[in-house]
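Asker: For reference, the file target_1.cif (mmCIF, C-alpha atoms) is included below:
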```cif
data_start
#
loop_
_atom_site.label_atom_id
_atom_site.label_comp_id
_atom_site.auth_asym_id
_atom_site.auth_seq_id
_atom_site.Cartn_x
_atom_site.Cartn_y
_atom_site.Cartn_z
CA MET A 1 16.93 -26.45 -11.49
CA SER A 2 16.68 -22.67 -11.34
CA ALA A 3 17.64 -20.55 -14.32
CA GLU A 4 21.22 -19.37 -14.82
CA ARG A 5 22.03 -16.22 -12.84
CA MET A 6 20.71 -13.13 -14.63
CA ASN A 7 21.50 -9.48 -14.24
CA SER A 8 18.75 -7.08 -13.20
CA MET A 9 17.84 -6.07 -16.75
CA GLN A 10 17.56 -9.65 -17.96
CA ARG A 11 15.52 -10.63 -14.90
CA THR A 12 13.12 -7.73 -15.38
CA LEU A 13 12.68 -8.31 -19.12
CA ALA A 14 11.87 -11.96 -18.41
CA ALA A 15 9.16 -10.93 -15.96
CA LEU A 16 7.68 -8.38 -18.35
CA SER A 17 7.64 -11.06 -21.06
CA HIS A 18 5.63 -13.28 -18.70
CA ARG A 19 8.49 -15.74 -18.31
CA GLU A 20 10.20 -17.07 -15.21
CA GLY A 21 13.77 -15.84 -14.94
CA ASP A 22 16.24 -16.86 -12.26
CA ARG A 23 14.24 -15.15 -9.52
CA VAL A 24 11.45 -12.64 -8.95
CA PRO A 25 12.65 -9.08 -9.73
CA LEU A 26 12.65 -6.67 -6.80
CA PHE A 27 12.05 -2.96 -7.33
CA LEU A 28 12.75 -1.03 -4.11
CA LEU A 29 11.47 2.40 -5.12
CA THR A 30 13.50 4.54 -2.74
CA THR A 31 13.86 8.25 -3.39
CA LEU A 32 14.30 10.12 -0.09
CA HIS A 33 16.59 7.46 1.39
CA GLY A 34 19.41 8.78 -0.79
CA ALA A 35 19.45 12.01 1.23
CA ARG A 36 19.84 10.09 4.46
CA GLU A 37 22.58 7.97 2.93
CA LEU A 38 24.55 11.11 2.07
CA GLY A 39 23.77 12.85 5.38
CA MET A 40 21.91 15.70 3.67
CA SER A 41 18.58 17.41 4.04
CA ILE A 42 16.03 16.38 1.43
CA GLU A 43 16.10 19.87 -0.10
CA ASP A 44 19.89 19.89 -0.41
CA TYR A 45 19.91 16.37 -1.79
CA PHE A 46 17.59 17.24 -4.67
CA SER A 47 19.38 20.51 -5.44
CA ARG A 48 22.12 18.86 -7.53
CA ALA A 49 22.08 15.97 -9.98
CA GLU A 50 25.38 14.69 -8.60
CA HIS A 51 23.79 14.13 -5.20
CA VAL A 52 20.95 12.01 -6.60
CA VAL A 53 23.34 10.03 -8.79
CA GLU A 54 25.54 9.20 -5.80
CA GLY A 55 22.54 8.46 -3.59
CA GLN A 56 20.94 6.11 -6.10
CA LEU A 57 24.18 4.21 -6.69
CA ARG A 58 24.73 3.79 -2.96
CA LEU A 59 21.17 2.56 -2.46
CA LEU A 60 21.53 0.11 -5.35
CA HIS A 61 24.57 -1.41 -3.68
CA LYS A 62 23.09 -1.33 -0.18
CA TYR A 63 19.63 -2.75 -0.85
CA GLY A 64 20.26 -4.91 -3.93
CA SER A 65 17.23 -3.64 -5.84
CA ASP A 66 16.77 -4.60 -9.49
CA CYS A 67 16.26 -1.02 -10.65
CA LEU A 68 17.47 2.52 -10.28
CA TYR A 69 14.71 5.00 -9.50
CA PRO A 70 15.99 8.58 -9.78
CA PHE A 71 12.54 10.13 -9.37
CA TYR A 72 12.93 13.47 -7.60
CA TYR A 73 9.44 14.50 -6.44
CA ALA A 74 6.08 15.12 -8.10
CA ALA A 75 6.21 18.90 -7.65
CA LEU A 76 9.27 18.98 -9.94
CA GLU A 77 6.81 18.88 -12.85
CA THR A 78 4.68 21.77 -11.58
CA GLU A 79 7.86 23.80 -11.04
CA ALA A 80 8.19 23.70 -14.84
CA TRP A 81 4.75 25.37 -15.06
CA GLY A 82 5.80 28.15 -12.67
CA GLY A 83 4.86 26.41 -9.44
CA SER A 84 6.78 26.16 -6.18
CA THR A 85 7.81 23.33 -3.88
CA ILE A 86 7.54 23.01 -0.10
CA PHE A 87 10.31 20.84 1.35
CA LEU A 88 9.73 18.76 4.47
CA PRO A 89 12.44 17.32 6.74
CA ASP A 90 11.13 13.74 6.66
CA GLY A 91 8.71 13.31 3.77
CA PRO A 92 8.22 13.89 0.06
CA PRO A 93 8.23 17.54 -1.06
CA LEU A 94 4.81 19.09 -1.59
CA CYS A 95 3.41 21.39 -4.26
CA GLY A 96 3.02 25.04 -3.39
CA ALA A 97 0.13 27.26 -4.51
CA PRO A 98 -1.82 26.16 -7.61
CA VAL A 99 -0.52 27.44 -10.92
CA ILE A 100 -4.07 27.43 -12.33
CA ARG A 101 -6.02 29.72 -10.02
CA ARG A 102 -9.17 30.10 -12.13
CA PRO A 103 -10.66 27.88 -14.84
CA GLU A 104 -10.26 30.81 -17.25
CA ASP A 105 -6.47 30.48 -16.91
CA ILE A 106 -6.69 27.28 -18.95
CA ASP A 107 -7.78 29.22 -22.05
CA LYS A 108 -4.28 30.70 -22.45
CA LEU A 109 -2.29 27.86 -20.94
CA GLN A 110 0.77 26.63 -22.83
CA ALA A 111 2.98 23.64 -22.10
CA PRO A 112 6.38 24.65 -20.71
CA ASP A 113 9.58 23.99 -22.63
CA ILE A 114 11.48 21.05 -21.11
CA ALA A 115 14.81 22.66 -22.01
CA SER A 116 13.93 25.81 -20.05
CA ALA A 117 12.96 24.04 -16.80
CA PRO A 118 15.97 23.82 -14.41
CA GLY A 119 14.45 21.06 -12.27
CA LEU A 120 13.66 18.84 -15.24
CA GLN A 121 17.14 19.42 -16.60
CA ARG A 122 18.63 18.23 -13.28
CA ALA A 123 16.57 15.08 -13.54
CA LEU A 124 17.74 14.49 -17.12
CA ALA A 125 21.36 14.98 -16.09
CA THR A 126 20.81 12.38 -13.37
CA LEU A 127 19.44 9.89 -15.88
CA ARG A 128 22.34 10.41 -18.27
CA ALA A 129 24.93 9.87 -15.52
CA LEU A 130 23.22 6.75 -14.14
CA ALA A 131 22.76 5.28 -17.62
CA ALA A 132 26.51 5.64 -18.20
CA GLU A 133 27.26 3.94 -14.87
CA VAL A 134 25.13 0.81 -15.33
CA ALA A 135 25.49 0.44 -19.12
CA GLY A 136 22.19 -1.36 -19.68
CA THR A 137 22.56 -3.93 -16.87
CA VAL A 138 20.01 -2.34 -14.51
CA PRO A 139 16.61 -0.89 -15.49
CA LEU A 140 16.51 2.87 -15.09
CA ILE A 141 12.97 4.06 -14.36
CA GLY A 142 11.80 7.50 -15.44
CA VAL A 143 8.58 9.03 -14.15
CA ALA A 144 5.91 11.20 -15.76
CA ILE A 145 2.66 12.26 -14.09
CA SER A 146 -0.23 11.48 -16.41
CA PRO A 147 -1.97 14.44 -18.11
CA PHE A 148 -5.15 13.27 -16.41
CA SER A 149 -3.67 13.32 -12.88
CA LEU A 150 -1.37 16.34 -13.22
CA PRO A 151 -4.23 18.86 -12.69
CA VAL A 152 -4.54 17.77 -9.05
CA MET A 153 -1.20 19.52 -8.56
CA GLN A 154 -1.89 22.31 -11.04
CA MET A 155 -5.21 23.46 -9.56
CA GLY A 156 -6.18 21.30 -6.56
CA PHE A 157 -8.34 18.16 -6.38
CA GLY A 158 -11.68 19.82 -5.72
CA ALA A 159 -11.32 22.46 -8.41
CA TYR A 160 -10.19 19.82 -10.89
CA LEU A 161 -13.11 17.47 -10.23
CA ASP A 162 -15.48 20.42 -10.60
CA LEU A 163 -13.86 21.32 -13.92
CA MET A 164 -14.10 17.73 -15.13
CA MET A 165 -17.78 17.48 -14.30
CA THR A 166 -19.04 20.94 -15.24
CA GLN A 167 -16.74 22.36 -17.93
CA PRO A 168 -16.02 19.58 -20.44
CA GLU A 169 -14.59 21.91 -23.10
CA ARG A 170 -12.05 23.43 -20.72
CA PHE A 171 -11.28 19.97 -19.37
CA GLU A 172 -10.43 18.77 -22.89
CA CYS A 173 -8.35 21.90 -23.50
CA LEU A 174 -6.36 21.20 -20.33
CA MET A 175 -5.86 17.57 -21.32
CA ARG A 176 -4.46 18.52 -24.74
CA VAL A 177 -1.96 20.96 -23.24
CA ASN A 178 -0.95 18.50 -20.53
CA GLU A 179 -0.57 15.71 -23.06
CA GLU A 180 1.96 17.76 -25.00
CA PHE A 181 3.97 18.30 -21.84
CA THR A 182 3.81 14.70 -20.61
CA VAL A 183 4.81 13.27 -23.98
CA ALA A 184 7.73 15.69 -24.31
CA TRP A 185 8.88 15.04 -20.72
CA ALA A 186 8.62 11.25 -21.02
CA ASN A 187 10.46 11.17 -24.34
CA ALA A 188 13.20 13.45 -22.99
CA GLN A 189 13.78 10.96 -20.17
CA LEU A 190 13.92 8.05 -22.60
CA ALA A 191 16.42 9.96 -24.73
CA ALA A 192 18.52 10.60 -21.60
CA GLY A 193 18.76 6.87 -20.87
CA ALA A 194 15.59 5.81 -19.05
CA THR A 195 14.65 2.21 -19.78
CA ALA A 196 10.94 2.79 -19.25
CA ILE A 197 8.51 5.40 -17.99
CA CYS A 198 6.34 5.01 -14.92
CA TYR A 199 3.09 6.75 -15.90
CA PHE A 200 1.62 7.87 -12.58
CA ASP A 201 -2.15 8.13 -12.88
CA PRO A 202 -3.82 7.96 -9.44
CA VAL A 203 -6.92 9.93 -10.45
CA SER A 204 -7.84 7.10 -12.83
CA SER A 205 -8.03 4.63 -9.95
CA SER A 206 -11.45 3.32 -8.99
CA THR A 207 -10.61 4.65 -5.53
CA ASN A 208 -11.21 8.11 -7.01
CA ILE A 209 -13.59 7.84 -9.98
CA THR A 210 -16.02 5.30 -11.40
CA ARG A 211 -15.20 2.96 -14.24
CA ALA A 212 -17.59 4.84 -16.51
CA GLN A 213 -15.79 8.09 -15.75
CA TYR A 214 -12.42 6.44 -16.38
CA LEU A 215 -13.52 5.08 -19.76
CA ALA A 216 -14.74 8.52 -20.80
CA THR A 217 -11.73 10.45 -19.52
CA GLY A 218 -8.57 8.87 -18.09
CA GLN A 219 -8.49 5.93 -20.48
CA GLN A 220 -8.89 8.16 -23.51
CA VAL A 221 -6.07 10.40 -22.30
CA ALA A 222 -3.86 7.37 -21.62
CA ARG A 223 -4.51 5.88 -25.05
CA ARG A 224 -3.47 9.10 -26.77
CA THR A 225 -0.51 9.79 -24.52
CA LEU A 226 1.04 6.32 -24.28
CA ALA A 227 0.84 5.90 -28.05
CA ARG A 228 3.21 8.86 -28.40
CA ILE A 229 5.73 7.86 -25.72
CA GLN A 230 8.67 6.30 -27.51
CA GLY A 231 9.38 3.47 -25.08
CA PRO A 232 7.74 1.03 -22.67
CA THR A 233 5.51 2.29 -19.88
CA ALA A 234 4.12 1.03 -16.59
CA THR A 235 0.91 2.60 -15.29
CA HIS A 236 0.87 3.23 -11.55
CA LEU A 237 -2.19 4.24 -9.55
CA ALA A 238 -0.20 5.17 -6.41
CA SER A 239 -1.96 2.83 -3.94
CA GLY A 240 -5.36 3.18 -5.66
CA ARG A 241 -7.52 0.19 -6.51
CA CYS A 242 -7.51 -1.15 -10.06
CA ALA A 243 -9.47 -4.44 -10.17
CA THR A 244 -12.55 -2.96 -11.84
CA ILE A 245 -10.47 -1.26 -14.55
CA LEU A 246 -7.49 -3.59 -14.91
CA ASP A 247 -8.78 -4.89 -18.26
CA ASP A 248 -9.34 -1.31 -19.43
CA ILE A 249 -5.84 -0.21 -18.40
CA ALA A 250 -4.38 -3.17 -20.26
CA GLN A 251 -6.02 -1.85 -23.44
CA THR A 252 -4.03 1.41 -23.26
CA GLY A 253 -0.82 -0.34 -24.33
CA THR A 254 0.97 -0.17 -20.98
CA ALA A 255 3.28 -3.08 -20.11
CA ALA A 256 2.67 -3.22 -16.35
CA ILE A 257 0.33 -1.95 -13.65
CA GLY A 258 1.29 -0.90 -10.14
CA VAL A 259 -1.29 -2.52 -7.85
CA SER A 260 -2.64 -1.73 -4.40
CA ALA A 261 -2.14 -3.53 -1.11
CA LEU A 262 -5.91 -3.10 -0.69
CA GLU A 263 -6.64 -5.75 -3.33
CA ASP A 264 -6.01 -9.48 -3.66
CA LEU A 265 -2.78 -10.01 -5.57
CA GLY A 266 -3.65 -13.55 -6.65
CA ALA A 267 -6.98 -12.43 -8.07
CA LEU A 268 -5.30 -9.58 -9.95
CA LYS A 269 -2.73 -11.98 -11.41
CA ALA A 270 -5.50 -14.26 -12.68
CA GLN A 271 -7.30 -11.26 -14.14
CA ALA A 272 -4.15 -9.99 -15.87
CA ALA A 273 -3.86 -13.39 -17.59
CA GLY A 274 -0.56 -12.72 -19.34
CA ARG A 275 -1.72 -9.47 -20.95
CA VAL A 276 -0.08 -7.08 -18.53
CA ALA A 277 2.52 -7.54 -15.79
CA LEU A 278 1.91 -6.57 -12.16
CA LEU A 279 4.11 -4.41 -9.93
CA GLY A 280 3.50 -4.46 -6.19
CA ASN A 281 2.04 -4.73 -3.66
CA LEU A 282 3.89 -4.44 -0.35
CA ASN A 283 2.29 -1.91 1.98
CA GLY A 284 4.83 0.90 2.38
CA ILE A 285 2.98 2.51 5.29
CA GLU A 286 2.78 -0.71 7.28
CA MET A 287 6.39 -1.47 6.31
CA ARG A 288 7.51 1.10 8.91
CA ARG A 289 6.43 -1.27 11.68
CA TRP A 290 7.37 -4.65 10.25
CA THR A 291 9.27 -7.16 12.33
CA PRO A 292 11.73 -9.56 10.67
CA ARG A 293 9.08 -12.31 10.71
CA ARG A 294 6.49 -9.99 9.23
CA THR A 295 8.89 -8.85 6.51
CA GLU A 296 9.58 -12.41 5.40
CA TYR A 297 5.88 -13.32 5.57
CA GLU A 298 4.76 -10.38 3.40
CA VAL A 299 7.40 -11.15 0.76
CA LYS A 300 6.41 -14.82 0.64
CA LYS A 301 2.70 -13.94 0.48
CA ALA A 302 3.21 -11.63 -2.48
CA ILE A 303 5.41 -14.09 -4.35
CA ALA A 304 2.97 -16.92 -3.73
CA GLY A 305 0.12 -14.76 -4.97
CA ALA A 306 1.53 -13.53 -8.26
CA ALA A 307 5.03 -14.71 -9.21
CA ARG A 308 4.33 -18.07 -10.83
CA GLY A 309 4.77 -17.87 -14.61
CA GLY A 310 6.50 -14.48 -14.54
CA GLY A 311 4.58 -11.28 -15.16
CA PHE A 312 5.34 -9.99 -11.65
CA ILE A 313 7.80 -7.55 -10.09
CA LEU A 314 7.84 -7.25 -6.30
CA ALA A 315 7.68 -3.64 -5.11
CA ASP A 316 5.82 -1.41 -2.69
CA ASN A 317 2.24 -0.51 -3.57
CA HIS A 318 2.59 3.28 -3.81
CA GLY A 319 5.61 3.88 -6.00
CA GLU A 320 7.68 5.52 -3.28
CA ILE A 321 8.89 3.95 -0.04
CA PRO A 322 8.43 6.34 2.92
CA TRP A 323 11.41 7.98 4.60
CA GLN A 324 10.43 6.32 7.90
CA VAL A 325 10.96 2.74 6.63
CA PRO A 326 14.21 1.57 8.28
CA ASP A 327 17.14 0.13 6.38
CA TRP A 328 16.90 -3.25 8.03
CA VAL A 329 13.37 -3.76 6.67
CA LEU A 330 14.50 -3.02 3.10
CA ILE A 331 17.51 -5.29 3.48
CA GLY A 332 15.20 -7.93 4.97
CA ILE A 333 12.92 -7.70 1.93
CA ARG A 334 15.87 -8.30 -0.37
CA GLU A 335 17.08 -11.25 1.72
CA ALA A 336 13.60 -12.79 1.68
CA VAL A 337 13.45 -12.43 -2.12
CA GLU A 338 16.83 -14.12 -2.45
CA LEU A 339 15.62 -16.96 -0.23
CA TRP A 340 12.06 -17.43 -1.51
CA GLY A 341 12.01 -15.80 -4.94
CA ARG A 342 14.17 -18.32 -6.82
CA TYR A 343 12.29 -20.01 -9.63
CA PRO A 344 10.68 -22.52 -10.02
CA LEU A 345 9.08 -21.60 -6.63
CA ASP A 346 8.38 -25.19 -5.63
CA TRP A 347 7.30 -24.12 -2.13
CA VAL A 348 4.28 -22.14 -3.36
CA GLU A 349 1.93 -25.12 -3.59
CA ARG A 350 2.58 -26.02 0.05
CA TRP A 351 1.99 -22.39 1.05
CA ARG A 352 -1.33 -22.31 -0.80
CA ALA A 353 -2.43 -25.64 0.63
CA GLU A 354 -1.58 -24.70 4.22
CA PRO A 355 -0.97 -20.97 4.49
CA PRO A 356 0.92 -20.10 7.69
CA LEU A 357 -0.56 -17.97 10.40
CA GLU A 358 -0.07 -14.25 9.82
CA PRO A 359 2.56 -12.85 12.21
CA GLY A 360 1.31 -10.48 14.87
#
```
Go through the file and emit its structure as structure tokens.

Answerer:
Amino acid sequence: MSAERMNSMQRTLAALSHREGDRVPLFLLTTLHGARELGMSIEDYFSRAEHVVEGQLRLLHKYGSDCLYPFYYAALETEAWGGSTIFLPDGPPLCGAPVIRRPEDIDKLQAPDIASAPGLQRALATLRALAAEVAGTVPLIGVAISPFSLPVMQMGFGAYLDLMMTQPERFECLMRVNEEFTVAWANAQLAAGATAICYFDPVSSSTNITRAQYLATGQQVARRTLARIQGPTATHLASGRCATILDDIAQTGTAAIGVSALEDLGALKAQAAGRVALLGNLNGIEMRRWTPRRTEYEVKKAIAGAARGGGFILADNHGEIPWQVPDWVLIGIREAVELWGRYPLDWVERWRAEPPLEPG
């Protein structure tokens, strides 16, 4: 017998507690799709909190996701530091020119005031409105870029890596200032009604730096920062690999890790061993070309790999589903979860014993 029908919050809390609920939770992390739903340009859509509130509520009803994800765009944070945003017609907005043009600029850098940043205030208004709408029945996910990954947007990847390797004192100065901002921004979102904070930290991924570098830098920053965030967090590496540092990430106090489509989900689940939940790992880029058969196959494969015993939330592997992914694929994912994600997942043993051929 499957568990009694749960709402999205109950289902998610069961998974994060490493228990089997009624079915596998599904987080469809759609941001730009709200603009299309309202018939607006992406720039117009993100210009008003009311637009994002309406877009997220429509997407929740349309796709049947188990969360609301009112993330605007990453450059919203650098806008607070005096940066600019470049809007595209069919993709996530990009950061404009770096706000840190020379390493010496770090010496006088101060964290911006959350209350004085119009973009951040729009995002907080969105959270407050959505929290009132769902009244605790649906997880509401806030987002904060980690202090360790934020400099990629503040000064550019190359300049940041050079700073990290050659100017350790300035690097530490930048981390301290960024930590103040990230903590204040995350806690403001929690106060506005966010259930949890997605701590985006792609630079920490072993795709970008070695484990030794992570232990000396990104992990230390995460330990300090997450300890001061006044609510649960999930660490997301935005498609980056995590297997070599999964144990180290678990030690930071995060509740879940967003994992890559480039790694074996079953192996990651065994490695997590009830210490940290997994979020992933459907390939959002490939999702643009999925057929109905492929959609169902990928959902079943992910569930078979990691859903037994709880501790797993099905989602894309990057933390943002591309604009080009069609509605019917997202609806197909939800339908496959409804069909194959009901606990106790009795079909999984047959799948593992005789895995079907991968659709072409």

Asker: Give me the residues near Leu59 (chain A) as a list in words, where near means some atom within 12 Å (using all atoms listed in the file) and where sequence neighbours in that chain fewer than 6 positions away do not count.

Answerer: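 Close residues of Leu59 (chain A): Phe27, Leu28, Leu29, Thr30, Thr31, Leu32, His33, Gly34, Ala35, Arg36, Glu37, Leu38, Val52, Val53, Ser65, Asp66, Cys67, Leu68, Tyr69, Pro70, Asp327, Leu330 and Ile331 of chain A.
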
Asker: Taking (-12.5, 7.4, -17.4) in the file's coordinates, which residues come within 12 Å, counting all atoms listed in the file, written as number ranges by chain?

Answerer: A: 148-149, 164-165, 201-206, 208-223, 244-245, 248-249, 252

Asker: Once the PyMOL selection byres ((chain A and resi 343) around 7) has been evaluated on this model, what residues remain selected, and can you format them as an MDAnalysis selection string?

Answerer: chainID A and resid 2 20:23 341:342 344:345

Asker: Box for region 229-233 of chain A: with edges along x, y and z, all listed atoms inside and 8 Å added on each side, what are the centre and edge lengths in Å to one decimal, as JSON?

Answerer:
```
{"center_x": 7.4, "center_y": 4.4, "center_z": -23.7, "size_x": 19.9, "size_y": 22.8, "size_z": 23.6}
```

Asker: Give me the residues near Glu263 (chain A) as a PyMOL selection string, where near means some atom within 8 Å (using all atoms listed in the file) and where sequence neighbours in that chain fewer than 5 positions away do not count.

Answerer: chain A and resi 241+243+268

Asker: So what does the PyMOL selection byres ((chain A and resi 7-12) around 10) actually pick up in this one, as a ChimeraX atom specification?

Answerer: /A:4-6,13-27,64-67,136-140,195,310-313

Asker: CA of Gly142 (chain A) and CA of Met155 (chain A) are how many Å apart?

Answerer: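 CA of Gly142 (chain A) sits 24.1 Å away from CA of Met155 (chain A).
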
Asker: Could you check how far CA of Leu76 (chain A) sits from CA of Phe200 (chain A), in Å to one decimal?

Answerer: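 CA of Leu76 (chain A) sits 13.7 Å away from CA of Phe200 (chain A).
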
Asker: Could you check which of A:Ile285, A:Ile145, A:Ala277, A:Val337 is closest to Ile303 (chain A), using only C-alpha atoms?

Answerer: A:Val337

Asker: Carefully work through the PyMOL selection byres ((chain A and resi 92) around 10) for this structure and note down the residues it includes, as a PyMOL selection string.

Answerer: chain A and resi 31-32+42-43+72-75+86-91+93-95+320-323

Asker: Please complete region 277-301 of chain A so it has N, CA and C atoms, and hand it over as an mmCIF file, keeping the file's coordinate frame.

Answerer:
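New file part10.cif:
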```
data_model
loop_
_atom_site.group_PDB
_atom_site.id
_atom_site.type_symbol
_atom_site.label_atom_id
_atom_site.label_comp_id
_atom_site.auth_asym_id
_atom_site.auth_seq_id
_atom_site.Cartn_x
_atom_site.Cartn_y
_atom_site.Cartn_z
ATOM 1 N N ALA A 277 1.805 -7.129 -16.988
ATOM 2 C CA ALA A 277 2.520 -7.540 -15.790
ATOM 3 C C ALA A 277 2.038 -6.728 -14.587
ATOM 4 N N LEU A 278 2.291 -7.254 -13.389
ATOM 5 C CA LEU A 278 1.910 -6.570 -12.160
ATOM 6 C C LEU A 278 3.148 -6.144 -11.388
ATOM 7 N N LEU A 279 3.040 -4.978 -10.746
ATOM 8 C CA LEU A 279 4.110 -4.410 -9.930
ATOM 9 C C LEU A 279 3.515 -4.103 -8.564
ATOM 10 N N GLY A 280 4.037 -4.725 -7.522
ATOM 11 C CA GLY A 280 3.500 -4.460 -6.190
ATOM 12 C C GLY A 280 3.751 -5.619 -5.240
ATOM 13 N N ASN A 281 2.930 -5.723 -4.222
ATOM 14 C CA ASN A 281 2.040 -4.730 -3.660
ATOM 15 C C ASN A 281 2.261 -4.620 -2.156
ATOM 16 N N LEU A 282 3.550 -4.560 -1.759
ATOM 17 C CA LEU A 282 3.890 -4.440 -0.350
ATOM 18 C C LEU A 282 3.430 -3.088 0.194
ATOM 19 N N ASN A 283 2.867 -3.107 1.379
ATOM 20 C CA ASN A 283 2.290 -1.910 1.980
ATOM 21 C C ASN A 283 3.393 -1.049 2.600
ATOM 22 N N GLY A 284 3.740 0.050 1.925
ATOM 23 C CA GLY A 284 4.830 0.900 2.380
ATOM 24 C C GLY A 284 4.564 1.568 3.710
ATOM 25 N N ILE A 285 3.310 1.876 4.007
ATOM 26 C CA ILE A 285 2.980 2.510 5.290
ATOM 27 C C ILE A 285 3.168 1.514 6.433
ATOM 28 N N GLU A 286 2.623 0.315 6.257
ATOM 29 C CA GLU A 286 2.780 -0.710 7.280
ATOM 30 C C GLU A 286 4.235 -1.163 7.412
ATOM 31 N N MET A 287 4.984 -1.049 6.340
ATOM 32 C CA MET A 287 6.390 -1.470 6.310
ATOM 33 C C MET A 287 7.207 -0.789 7.414
ATOM 34 N N ARG A 288 6.784 0.380 7.848
ATOM 35 C CA ARG A 288 7.510 1.100 8.910
ATOM 36 C C ARG A 288 7.554 0.313 10.201
ATOM 37 N N ARG A 289 6.567 -0.565 10.407
ATOM 38 C CA ARG A 289 6.430 -1.270 11.680
ATOM 39 C C ARG A 289 6.710 -2.769 11.573
ATOM 40 N N TRP A 290 7.173 -3.217 10.427
ATOM 41 C CA TRP A 290 7.370 -4.650 10.250
ATOM 42 C C TRP A 290 8.494 -5.191 11.131
ATOM 43 N N THR A 291 8.239 -6.376 11.657
ATOM 44 C CA THR A 291 9.270 -7.160 12.330
ATOM 45 C C THR A 291 9.981 -8.018 11.287
ATOM 46 N N PRO A 292 11.104 -8.646 11.625
ATOM 47 C CA PRO A 292 11.730 -9.560 10.670
ATOM 48 C C PRO A 292 10.802 -10.670 10.198
ATOM 49 N N ARG A 293 10.013 -11.243 11.108
ATOM 50 C CA ARG A 293 9.080 -12.310 10.710
ATOM 51 C C ARG A 293 8.008 -11.774 9.780
ATOM 52 N N ARG A 294 7.529 -10.577 10.078
ATOM 53 C CA ARG A 294 6.490 -9.990 9.230
ATOM 54 C C ARG A 294 7.050 -9.664 7.840
ATOM 55 N N THR A 295 8.271 -9.174 7.784
ATOM 56 C CA THR A 295 8.890 -8.850 6.510
ATOM 57 C C THR A 295 8.963 -10.089 5.622
ATOM 58 N N GLU A 296 9.461 -11.170 6.176
ATOM 59 C CA GLU A 296 9.580 -12.410 5.400
ATOM 60 C C GLU A 296 8.200 -12.915 4.978
ATOM 61 N N TYR A 297 7.230 -12.847 5.879
ATOM 62 C CA TYR A 297 5.880 -13.320 5.570
ATOM 63 C C TYR A 297 5.262 -12.526 4.423
ATOM 64 N N GLU A 298 5.382 -11.207 4.447
ATOM 65 C CA GLU A 298 4.760 -10.380 3.400
ATOM 66 C C GLU A 298 5.412 -10.635 2.041
ATOM 67 N N VAL A 299 6.724 -10.836 2.019
ATOM 68 C CA VAL A 299 7.400 -11.150 0.760
ATOM 69 C C VAL A 299 6.921 -12.490 0.223
ATOM 70 N N LYS A 300 6.870 -13.492 1.081
ATOM 71 C CA LYS A 300 6.410 -14.820 0.640
ATOM 72 C C LYS A 300 4.962 -14.776 0.155
ATOM 73 N N LYS A 301 4.121 -14.050 0.864
ATOM 74 C CA LYS A 301 2.700 -13.940 0.480
ATOM 75 C C LYS A 301 2.554 -13.333 -0.903
#
```
